[in-house]
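Student: I am sharing entry.cif, which consists of mmCIF, N, CA and C atoms and all ligand atoms:
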```cif
data_coords
loop_
_atom_site.label_atom_id
_atom_site.label_comp_id
_atom_site.auth_asym_id
_atom_site.auth_seq_id
_atom_site.Cartn_x
_atom_site.Cartn_y
_atom_site.Cartn_z
N MET A 1 0.83 -1.20 0.00
CA MET A 1 0.00 0.00 0.00
C MET A 1 0.87 1.25 0.00
N ALA A 2 0.35 2.31 -0.56
CA ALA A 2 1.03 3.60 -0.57
C ALA A 2 0.04 4.66 -0.11
N LYS A 3 0.54 5.66 0.61
CA LYS A 3 -0.31 6.73 1.12
C LYS A 3 -0.16 7.96 0.23
N ILE A 4 -1.29 8.51 -0.18
CA ILE A 4 -1.29 9.75 -0.96
C ILE A 4 -1.90 10.85 -0.10
N ILE A 5 -1.24 12.01 -0.11
CA ILE A 5 -1.79 13.19 0.57
C ILE A 5 -1.94 14.28 -0.49
N ALA A 6 -3.18 14.72 -0.68
CA ALA A 6 -3.48 15.71 -1.73
C ALA A 6 -4.76 16.45 -1.37
N GLU A 7 -4.75 17.76 -1.54
CA GLU A 7 -5.92 18.61 -1.32
C GLU A 7 -6.55 18.37 0.05
N GLY A 8 -5.72 18.13 1.05
CA GLY A 8 -6.21 17.94 2.41
C GLY A 8 -6.76 16.56 2.70
N LYS A 9 -6.61 15.64 1.76
CA LYS A 9 -7.10 14.27 1.97
C LYS A 9 -5.92 13.32 2.04
N THR A 10 -6.04 12.33 2.90
CA THR A 10 -5.03 11.29 3.02
C THR A 10 -5.72 9.95 2.79
N PHE A 11 -5.17 9.18 1.85
CA PHE A 11 -5.81 7.91 1.54
C PHE A 11 -4.76 6.93 1.02
N ASP A 12 -5.09 5.66 1.10
CA ASP A 12 -4.18 4.60 0.69
C ASP A 12 -4.61 4.02 -0.66
N VAL A 13 -3.62 3.66 -1.46
CA VAL A 13 -3.88 2.98 -2.73
C VAL A 13 -2.90 1.83 -2.86
N ASP A 14 -3.21 0.89 -3.72
CA ASP A 14 -2.26 -0.17 -4.03
C ASP A 14 -1.10 0.41 -4.83
N GLU A 15 0.10 -0.10 -4.58
CA GLU A 15 1.23 0.33 -5.40
C GLU A 15 0.95 -0.05 -6.85
N GLY A 16 1.27 0.85 -7.76
CA GLY A 16 0.99 0.63 -9.16
C GLY A 16 -0.30 1.29 -9.63
N THR A 17 -1.04 1.87 -8.69
CA THR A 17 -2.28 2.56 -9.05
C THR A 17 -1.98 3.79 -9.90
N ASN A 18 -2.80 4.03 -10.88
CA ASN A 18 -2.69 5.23 -11.73
C ASN A 18 -3.04 6.45 -10.89
N LEU A 19 -2.19 7.46 -10.90
CA LEU A 19 -2.39 8.64 -10.04
C LEU A 19 -3.65 9.41 -10.41
N ARG A 20 -3.92 9.59 -11.69
CA ARG A 20 -5.14 10.31 -12.10
C ARG A 20 -6.38 9.62 -11.56
N GLU A 21 -6.45 8.32 -11.71
CA GLU A 21 -7.62 7.57 -11.25
C GLU A 21 -7.74 7.64 -9.74
N ALA A 22 -6.61 7.60 -9.04
CA ALA A 22 -6.63 7.67 -7.58
C ALA A 22 -7.16 9.02 -7.11
N LEU A 23 -6.71 10.10 -7.74
CA LEU A 23 -7.15 11.44 -7.33
C LEU A 23 -8.63 11.65 -7.65
N LEU A 24 -9.05 11.26 -8.83
CA LEU A 24 -10.46 11.45 -9.21
C LEU A 24 -11.39 10.61 -8.35
N ALA A 25 -10.94 9.43 -7.95
CA ALA A 25 -11.77 8.56 -7.09
C ALA A 25 -12.03 9.21 -5.73
N GLN A 26 -11.15 10.14 -5.34
CA GLN A 26 -11.31 10.85 -4.07
C GLN A 26 -11.95 12.22 -4.27
N ASP A 27 -12.47 12.48 -5.46
CA ASP A 27 -13.08 13.78 -5.79
C ASP A 27 -12.10 14.93 -5.62
N ILE A 28 -10.86 14.68 -5.89
CA ILE A 28 -9.84 15.74 -5.85
C ILE A 28 -9.86 16.48 -7.16
N ASP A 29 -9.77 17.80 -7.07
CA ASP A 29 -9.93 18.71 -8.20
C ASP A 29 -8.66 18.70 -9.06
N LEU A 30 -8.53 17.72 -9.92
CA LEU A 30 -7.31 17.54 -10.70
C LEU A 30 -7.16 18.56 -11.82
N TYR A 31 -8.28 18.98 -12.39
CA TYR A 31 -8.23 19.85 -13.57
C TYR A 31 -8.61 21.29 -13.22
N ASN A 32 -7.99 22.24 -13.88
CA ASN A 32 -8.28 23.66 -13.69
C ASN A 32 -9.21 24.16 -14.80
N THR A 33 -10.03 25.10 -14.47
CA THR A 33 -10.89 25.85 -15.39
C THR A 33 -11.51 24.97 -16.49
N GLY A 34 -11.31 25.35 -17.76
CA GLY A 34 -11.93 24.64 -18.87
C GLY A 34 -11.44 23.22 -19.05
N ALA A 35 -10.30 22.91 -18.46
CA ALA A 35 -9.76 21.55 -18.57
C ALA A 35 -10.62 20.54 -17.82
N LYS A 36 -11.50 21.03 -16.93
CA LYS A 36 -12.43 20.11 -16.26
C LYS A 36 -13.30 19.40 -17.30
N ILE A 37 -13.58 20.08 -18.39
CA ILE A 37 -14.41 19.50 -19.46
C ILE A 37 -13.54 19.04 -20.61
N PHE A 38 -12.61 19.90 -21.01
CA PHE A 38 -11.79 19.59 -22.19
C PHE A 38 -10.45 18.99 -21.76
N ASN A 39 -10.47 17.70 -21.56
CA ASN A 39 -9.23 16.97 -21.29
C ASN A 39 -9.30 15.64 -22.02
N CYS A 40 -8.19 14.97 -22.12
CA CYS A 40 -8.12 13.77 -22.96
C CYS A 40 -8.55 12.50 -22.23
N ARG A 41 -9.02 12.65 -21.00
CA ARG A 41 -9.53 11.52 -20.21
C ARG A 41 -8.45 10.46 -19.94
N GLY A 42 -7.22 10.93 -19.81
CA GLY A 42 -6.17 10.02 -19.39
C GLY A 42 -5.35 9.37 -20.48
N HIS A 43 -5.40 9.92 -21.67
CA HIS A 43 -4.64 9.33 -22.78
C HIS A 43 -3.25 9.93 -22.96
N GLY A 44 -2.93 10.92 -22.13
CA GLY A 44 -1.58 11.48 -22.17
C GLY A 44 -1.35 12.46 -23.30
N THR A 45 -2.41 13.02 -23.84
CA THR A 45 -2.24 13.92 -24.98
C THR A 45 -2.55 15.39 -24.70
N CYS A 46 -3.37 15.69 -23.68
CA CYS A 46 -3.76 17.09 -23.46
C CYS A 46 -2.80 17.84 -22.53
N GLY A 47 -2.22 17.18 -21.59
CA GLY A 47 -1.27 17.80 -20.67
C GLY A 47 -1.91 18.54 -19.51
N THR A 48 -3.22 18.45 -19.32
CA THR A 48 -3.90 19.26 -18.30
C THR A 48 -3.94 18.61 -16.92
N CYS A 49 -3.47 17.41 -16.79
CA CYS A 49 -3.47 16.73 -15.48
C CYS A 49 -2.14 16.91 -14.77
N LEU A 50 -1.41 17.95 -15.13
CA LEU A 50 -0.08 18.21 -14.58
C LEU A 50 -0.15 18.51 -13.08
N VAL A 51 0.60 17.76 -12.29
CA VAL A 51 0.69 17.98 -10.84
C VAL A 51 2.14 17.84 -10.40
N GLN A 52 2.45 18.49 -9.30
CA GLN A 52 3.77 18.30 -8.70
C GLN A 52 3.69 17.10 -7.76
N VAL A 53 4.65 16.20 -7.89
CA VAL A 53 4.66 15.02 -7.03
C VAL A 53 5.96 14.98 -6.25
N GLU A 54 5.84 14.60 -4.99
CA GLU A 54 7.00 14.37 -4.13
C GLU A 54 6.84 12.99 -3.53
N GLY A 55 7.68 12.07 -3.98
CA GLY A 55 7.57 10.70 -3.52
C GLY A 55 7.96 9.74 -4.62
N SER A 56 7.60 8.50 -4.44
CA SER A 56 8.02 7.47 -5.37
C SER A 56 6.95 7.21 -6.44
N VAL A 57 7.35 7.48 -7.67
CA VAL A 57 6.44 7.27 -8.81
C VAL A 57 7.19 6.62 -9.96
N SER A 58 6.44 6.14 -10.92
CA SER A 58 7.02 5.50 -12.10
C SER A 58 7.76 6.51 -12.96
N VAL A 59 8.63 6.02 -13.82
CA VAL A 59 9.30 6.90 -14.77
C VAL A 59 8.29 7.32 -15.84
N PRO A 60 8.54 8.45 -16.49
CA PRO A 60 7.59 8.92 -17.51
C PRO A 60 7.41 7.89 -18.64
N THR A 61 6.16 7.75 -19.06
CA THR A 61 5.87 6.90 -20.21
C THR A 61 6.32 7.59 -21.49
N ALA A 62 6.31 6.87 -22.57
CA ALA A 62 6.65 7.47 -23.86
C ALA A 62 5.67 8.60 -24.20
N ALA A 63 4.39 8.41 -23.89
CA ALA A 63 3.39 9.45 -24.17
C ALA A 63 3.66 10.70 -23.34
N GLU A 64 4.02 10.52 -22.07
CA GLU A 64 4.31 11.69 -21.23
C GLU A 64 5.56 12.40 -21.72
N THR A 65 6.57 11.67 -22.03
CA THR A 65 7.80 12.29 -22.52
C THR A 65 7.52 13.09 -23.79
N LYS A 66 6.73 12.52 -24.67
CA LYS A 66 6.40 13.22 -25.93
C LYS A 66 5.59 14.49 -25.64
N ARG A 67 4.62 14.40 -24.71
CA ARG A 67 3.74 15.53 -24.43
C ARG A 67 4.45 16.64 -23.68
N THR A 68 5.39 16.29 -22.81
CA THR A 68 6.02 17.30 -21.96
C THR A 68 7.29 17.89 -22.56
N ILE A 69 7.58 17.55 -23.77
CA ILE A 69 8.71 18.19 -24.47
C ILE A 69 8.38 19.66 -24.74
N PHE A 70 7.10 19.94 -24.91
CA PHE A 70 6.67 21.26 -25.35
C PHE A 70 6.29 22.15 -24.18
N HIS A 71 6.42 23.47 -24.39
CA HIS A 71 5.96 24.45 -23.43
C HIS A 71 4.46 24.28 -23.27
N PRO A 72 3.83 24.46 -22.12
CA PRO A 72 4.43 24.91 -20.86
C PRO A 72 4.91 23.77 -19.96
N GLN A 73 4.58 22.55 -20.29
CA GLN A 73 4.95 21.45 -19.40
C GLN A 73 6.47 21.29 -19.30
N ALA A 74 7.18 21.66 -20.34
CA ALA A 74 8.62 21.42 -20.39
C ALA A 74 9.40 22.17 -19.32
N ILE A 75 8.84 23.26 -18.81
CA ILE A 75 9.60 24.08 -17.86
C ILE A 75 9.45 23.59 -16.41
N HIS A 76 8.63 22.59 -16.19
CA HIS A 76 8.40 22.10 -14.83
C HIS A 76 8.77 20.63 -14.75
N LYS A 77 10.03 20.34 -14.61
CA LYS A 77 10.51 18.96 -14.61
C LYS A 77 10.02 18.16 -13.40
N GLU A 78 9.69 18.87 -12.29
CA GLU A 78 9.24 18.16 -11.11
C GLU A 78 7.74 17.85 -11.17
N ARG A 79 7.08 18.32 -12.21
CA ARG A 79 5.64 18.04 -12.35
C ARG A 79 5.42 16.92 -13.34
N ARG A 80 4.37 16.17 -13.09
CA ARG A 80 4.10 14.97 -13.89
C ARG A 80 2.67 14.97 -14.38
N LEU A 81 2.44 14.28 -15.47
CA LEU A 81 1.08 14.05 -15.95
C LEU A 81 0.50 12.93 -15.09
N ALA A 82 -0.52 13.25 -14.30
CA ALA A 82 -1.08 12.26 -13.37
C ALA A 82 -1.57 11.02 -14.10
N CYS A 83 -2.08 11.21 -15.29
CA CYS A 83 -2.65 10.06 -16.02
C CYS A 83 -1.59 9.08 -16.50
N GLN A 84 -0.34 9.51 -16.52
CA GLN A 84 0.74 8.66 -17.01
C GLN A 84 1.65 8.20 -15.87
N THR A 85 1.21 8.46 -14.63
CA THR A 85 2.05 8.20 -13.47
C THR A 85 1.46 7.10 -12.59
N LYS A 86 2.29 6.13 -12.26
CA LYS A 86 1.89 5.10 -11.32
C LYS A 86 2.48 5.41 -9.95
N VAL A 87 1.67 5.22 -8.94
CA VAL A 87 2.11 5.45 -7.56
C VAL A 87 2.92 4.23 -7.11
N LEU A 88 4.16 4.49 -6.68
CA LEU A 88 5.03 3.39 -6.24
C LEU A 88 5.34 3.46 -4.75
N GLY A 89 4.95 4.55 -4.09
CA GLY A 89 5.19 4.70 -2.66
C GLY A 89 4.44 5.92 -2.16
N ASP A 90 4.66 6.29 -0.91
CA ASP A 90 3.96 7.44 -0.34
C ASP A 90 4.23 8.68 -1.17
N LEU A 91 3.21 9.54 -1.25
CA LEU A 91 3.26 10.62 -2.23
C LEU A 91 2.55 11.87 -1.72
N LEU A 92 3.19 13.02 -1.91
CA LEU A 92 2.56 14.32 -1.69
C LEU A 92 2.27 14.92 -3.06
N VAL A 93 1.07 15.48 -3.22
CA VAL A 93 0.67 16.01 -4.52
C VAL A 93 0.20 17.45 -4.38
N THR A 94 0.65 18.30 -5.30
CA THR A 94 0.27 19.72 -5.33
C THR A 94 -0.21 20.09 -6.72
N LYS A 95 -1.26 20.89 -6.80
CA LYS A 95 -1.77 21.38 -8.08
C LYS A 95 -1.55 22.88 -8.18
N PHE A 96 -1.01 23.32 -9.30
CA PHE A 96 -0.76 24.74 -9.53
C PHE A 96 -1.80 25.31 -10.50
N ASP A 97 -1.83 26.63 -10.58
CA ASP A 97 -2.79 27.31 -11.45
C ASP A 97 -2.33 27.23 -12.91
N GLY A 98 -3.07 27.90 -13.76
CA GLY A 98 -2.82 27.82 -15.19
C GLY A 98 -3.69 26.71 -15.79
N TYR A 99 -3.94 26.82 -17.07
CA TYR A 99 -4.84 25.85 -17.71
C TYR A 99 -4.37 24.41 -17.51
N PHE A 100 -3.06 24.22 -17.61
CA PHE A 100 -2.50 22.87 -17.50
C PHE A 100 -2.08 22.50 -16.07
N GLY A 101 -2.06 23.51 -15.19
CA GLY A 101 -1.43 23.31 -13.89
C GLY A 101 0.03 23.69 -13.98
N ASP A 102 0.33 24.58 -14.92
CA ASP A 102 1.70 24.97 -15.22
C ASP A 102 2.08 26.31 -14.59
N GLY A 103 1.19 26.91 -13.79
CA GLY A 103 1.46 28.21 -13.21
C GLY A 103 2.40 28.15 -12.03
N ASP A 104 2.56 29.31 -11.37
CA ASP A 104 3.47 29.42 -10.24
C ASP A 104 2.73 29.51 -8.91
N GLU A 105 1.41 29.72 -8.96
CA GLU A 105 0.61 29.81 -7.74
C GLU A 105 -0.13 28.49 -7.54
N PHE A 106 -0.13 27.99 -6.32
CA PHE A 106 -0.81 26.72 -6.13
C PHE A 106 -2.32 26.88 -6.01
N ILE A 107 -3.01 25.91 -6.53
CA ILE A 107 -4.46 25.81 -6.37
C ILE A 107 -4.77 25.06 -5.08
N TRP A 108 -4.09 23.96 -4.88
CA TRP A 108 -4.16 23.25 -3.60
C TRP A 108 -2.83 22.56 -3.35
N THR A 109 -2.61 22.32 -2.07
CA THR A 109 -1.37 21.67 -1.62
C THR A 109 -1.73 20.31 -1.04
N PRO A 110 -0.74 19.53 -0.61
CA PRO A 110 -1.09 18.29 0.09
C PRO A 110 -1.98 18.56 1.29
N GLY A 111 -1.71 19.65 2.01
CA GLY A 111 -2.50 19.96 3.20
C GLY A 111 -3.86 20.53 2.90
N GLY A 112 -4.09 20.90 1.66
CA GLY A 112 -5.43 21.32 1.25
C GLY A 112 -5.64 22.79 1.14
N LEU A 113 -4.61 23.61 1.37
CA LEU A 113 -4.81 25.05 1.28
C LEU A 113 -5.20 25.43 -0.13
N LEU A 114 -6.34 26.04 -0.27
CA LEU A 114 -6.83 26.43 -1.58
C LEU A 114 -6.43 27.86 -1.89
N ALA A 115 -6.26 28.16 -3.16
CA ALA A 115 -5.86 29.50 -3.58
C ALA A 115 -6.85 30.55 -3.05
N ALA A 116 -8.12 30.21 -3.05
CA ALA A 116 -9.14 31.17 -2.61
C ALA A 116 -9.05 31.49 -1.13
N GLN A 117 -8.35 30.65 -0.36
CA GLN A 117 -8.27 30.83 1.08
C GLN A 117 -7.03 31.62 1.48
N ARG A 118 -6.13 31.90 0.53
CA ARG A 118 -4.90 32.60 0.87
C ARG A 118 -5.14 34.05 1.12
S1 LIG B 1 -5.58 13.70 -18.81
FE1 LIG B 1 -4.76 14.47 -20.66
S2 LIG B 1 -2.63 14.29 -20.42
FE2 LIG B 1 -3.43 13.49 -18.59
#
```
Transcribe the structure of this file into structure tokens.
Ligand code: FES
Tutor:
Amino acid sequence: MAKIIAEGKTFDVDEGTNLREALLAQDIDLYNTGAKIFNCRGHGTCGTCLVQVEGSVSVPTAAETKRTIFHPQAIHKERRLACQTKVLGDLLVTKFDGYFGDGDEFIWTPGGLLAAQR
């Protein structure tokens, strides 16, 4: 089992669980603004599920590597496409602003602080 802490929620998942599916199953707000509707549903092509991860995760898939070569994802090496990431151990997750989650201001942190509350 691995523990994920994101948006003020702490929960356990099996190692190897897809991070996007784990976050959505907990009703965590993975997508920003219009990306809530317009996203690729986990195929690794839109880039809008970008999150910062601290912990043990899988190496980038070929789809993630291809998608994150381009701006704006390319400038945030510590951020990953949740849909292409497998959880391999305990994990802290942070979501930033911007359409893709590529901004500099956080939307939510592992502890759950929301941008609107700052
Ligand atoms: S949901 Fe589109 S790249 Fe992850």
Student: With distances taken over only N, CA and C atoms, which of A:Phe38, A:Leu114, A:Arg67, A:Asp102 is nearest to A:Leu50?
Tutor: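 Looking at the shortest contact to A:Leu50, the residue is A:Asp102.
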Student: Provide the atom CA of A:Ala2 to atom CA of A:Glu15 distance in Å, to one decimal place.
Tutor: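 That distance, rounded to one decimal, is 5.8 Å.
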Student: Expressed in Å to a single decimal, how great is the separation between atom CA of A:Gly42 and atom CA of A:Gly103?
Tutor: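 For atom CA of A:Gly42 relative to atom CA of A:Gly103, the distance reads 20.7 Å.
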Student: Which is closer to ligand LIG 1 (chain B) than all the others in A:Leu113, A:Val87, A:Ile107, A:Cys46, using all atoms listed in the file?
Tutor: A:Cys46
Student: Got a sec to check which residues lie within 5 Å of ligand LIG 1 (chain B), using all atoms listed in the file, and send them as a PDB file with N, CA and C atoms, in the coordinates of the input?
Tutor:
```pdb
ATOM      1  N   ASN A  39     -10.470  17.700 -21.560  1.00  0.00           N
ATOM      2  CA  ASN A  39      -9.230  16.970 -21.290  1.00  0.00           C
ATOM      3  C   ASN A  39      -9.300  15.640 -22.020  1.00  0.00           C
ATOM      4  N   CYS A  40      -8.190  14.970 -22.120  1.00  0.00           N
ATOM      5  CA  CYS A  40      -8.120  13.770 -22.960  1.00  0.00           C
ATOM      6  C   CYS A  40      -8.550  12.500 -22.230  1.00  0.00           C
ATOM      7  N   ARG A  41      -9.020  12.650 -21.000  1.00  0.00           N
ATOM      8  CA  ARG A  41      -9.530  11.520 -20.210  1.00  0.00           C
ATOM      9  C   ARG A  41      -8.450  10.460 -19.940  1.00  0.00           C
ATOM     10  N   GLY A  42      -7.220  10.930 -19.810  1.00  0.00           N
ATOM     11  CA  GLY A  42      -6.170  10.020 -19.390  1.00  0.00           C
ATOM     12  C   GLY A  42      -5.350   9.370 -20.480  1.00  0.00           C
ATOM     13  N   HIS A  43      -5.400   9.920 -21.670  1.00  0.00           N
ATOM     14  CA  HIS A  43      -4.640   9.330 -22.780  1.00  0.00           C
ATOM     15  C   HIS A  43      -3.250   9.930 -22.960  1.00  0.00           C
ATOM     16  N   GLY A  44      -2.930  10.920 -22.130  1.00  0.00           N
ATOM     17  CA  GLY A  44      -1.580  11.480 -22.170  1.00  0.00           C
ATOM     18  C   GLY A  44      -1.350  12.460 -23.300  1.00  0.00           C
ATOM     19  N   THR A  45      -2.410  13.020 -23.840  1.00  0.00           N
ATOM     20  CA  THR A  45      -2.240  13.920 -24.980  1.00  0.00           C
ATOM     21  C   THR A  45      -2.550  15.390 -24.700  1.00  0.00           C
ATOM     22  N   CYS A  46      -3.370  15.690 -23.680  1.00  0.00           N
ATOM     23  CA  CYS A  46      -3.760  17.090 -23.460  1.00  0.00           C
ATOM     24  C   CYS A  46      -2.800  17.840 -22.530  1.00  0.00           C
ATOM     25  N   GLY A  47      -2.220  17.180 -21.590  1.00  0.00           N
ATOM     26  CA  GLY A  47      -1.270  17.800 -20.670  1.00  0.00           C
ATOM     27  C   GLY A  47      -1.910  18.540 -19.510  1.00  0.00           C
ATOM     28  N   THR A  48      -3.220  18.450 -19.320  1.00  0.00           N
ATOM     29  CA  THR A  48      -3.900  19.260 -18.300  1.00  0.00           C
ATOM     30  C   THR A  48      -3.940  18.610 -16.920  1.00  0.00           C
ATOM     31  N   CYS A  49      -3.470  17.410 -16.790  1.00  0.00           N
ATOM     32  CA  CYS A  49      -3.470  16.730 -15.480  1.00  0.00           C
ATOM     33  C   CYS A  49      -2.140  16.910 -14.770  1.00  0.00           C
ATOM     34  N   CYS A  83      -2.080  11.210 -15.290  1.00  0.00           N
ATOM     35  CA  CYS A  83      -2.650  10.060 -16.020  1.00  0.00           C
ATOM     36  C   CYS A  83      -1.590   9.080 -16.500  1.00  0.00           C
TER      37      CYS A  83
END
```
Student: Figure out the distance between atom N of A:Gln26 and atom N of A:Pro72, please, to one decimal in Å.
Tutor: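 These atoms are spaced 26.7 Å apart.
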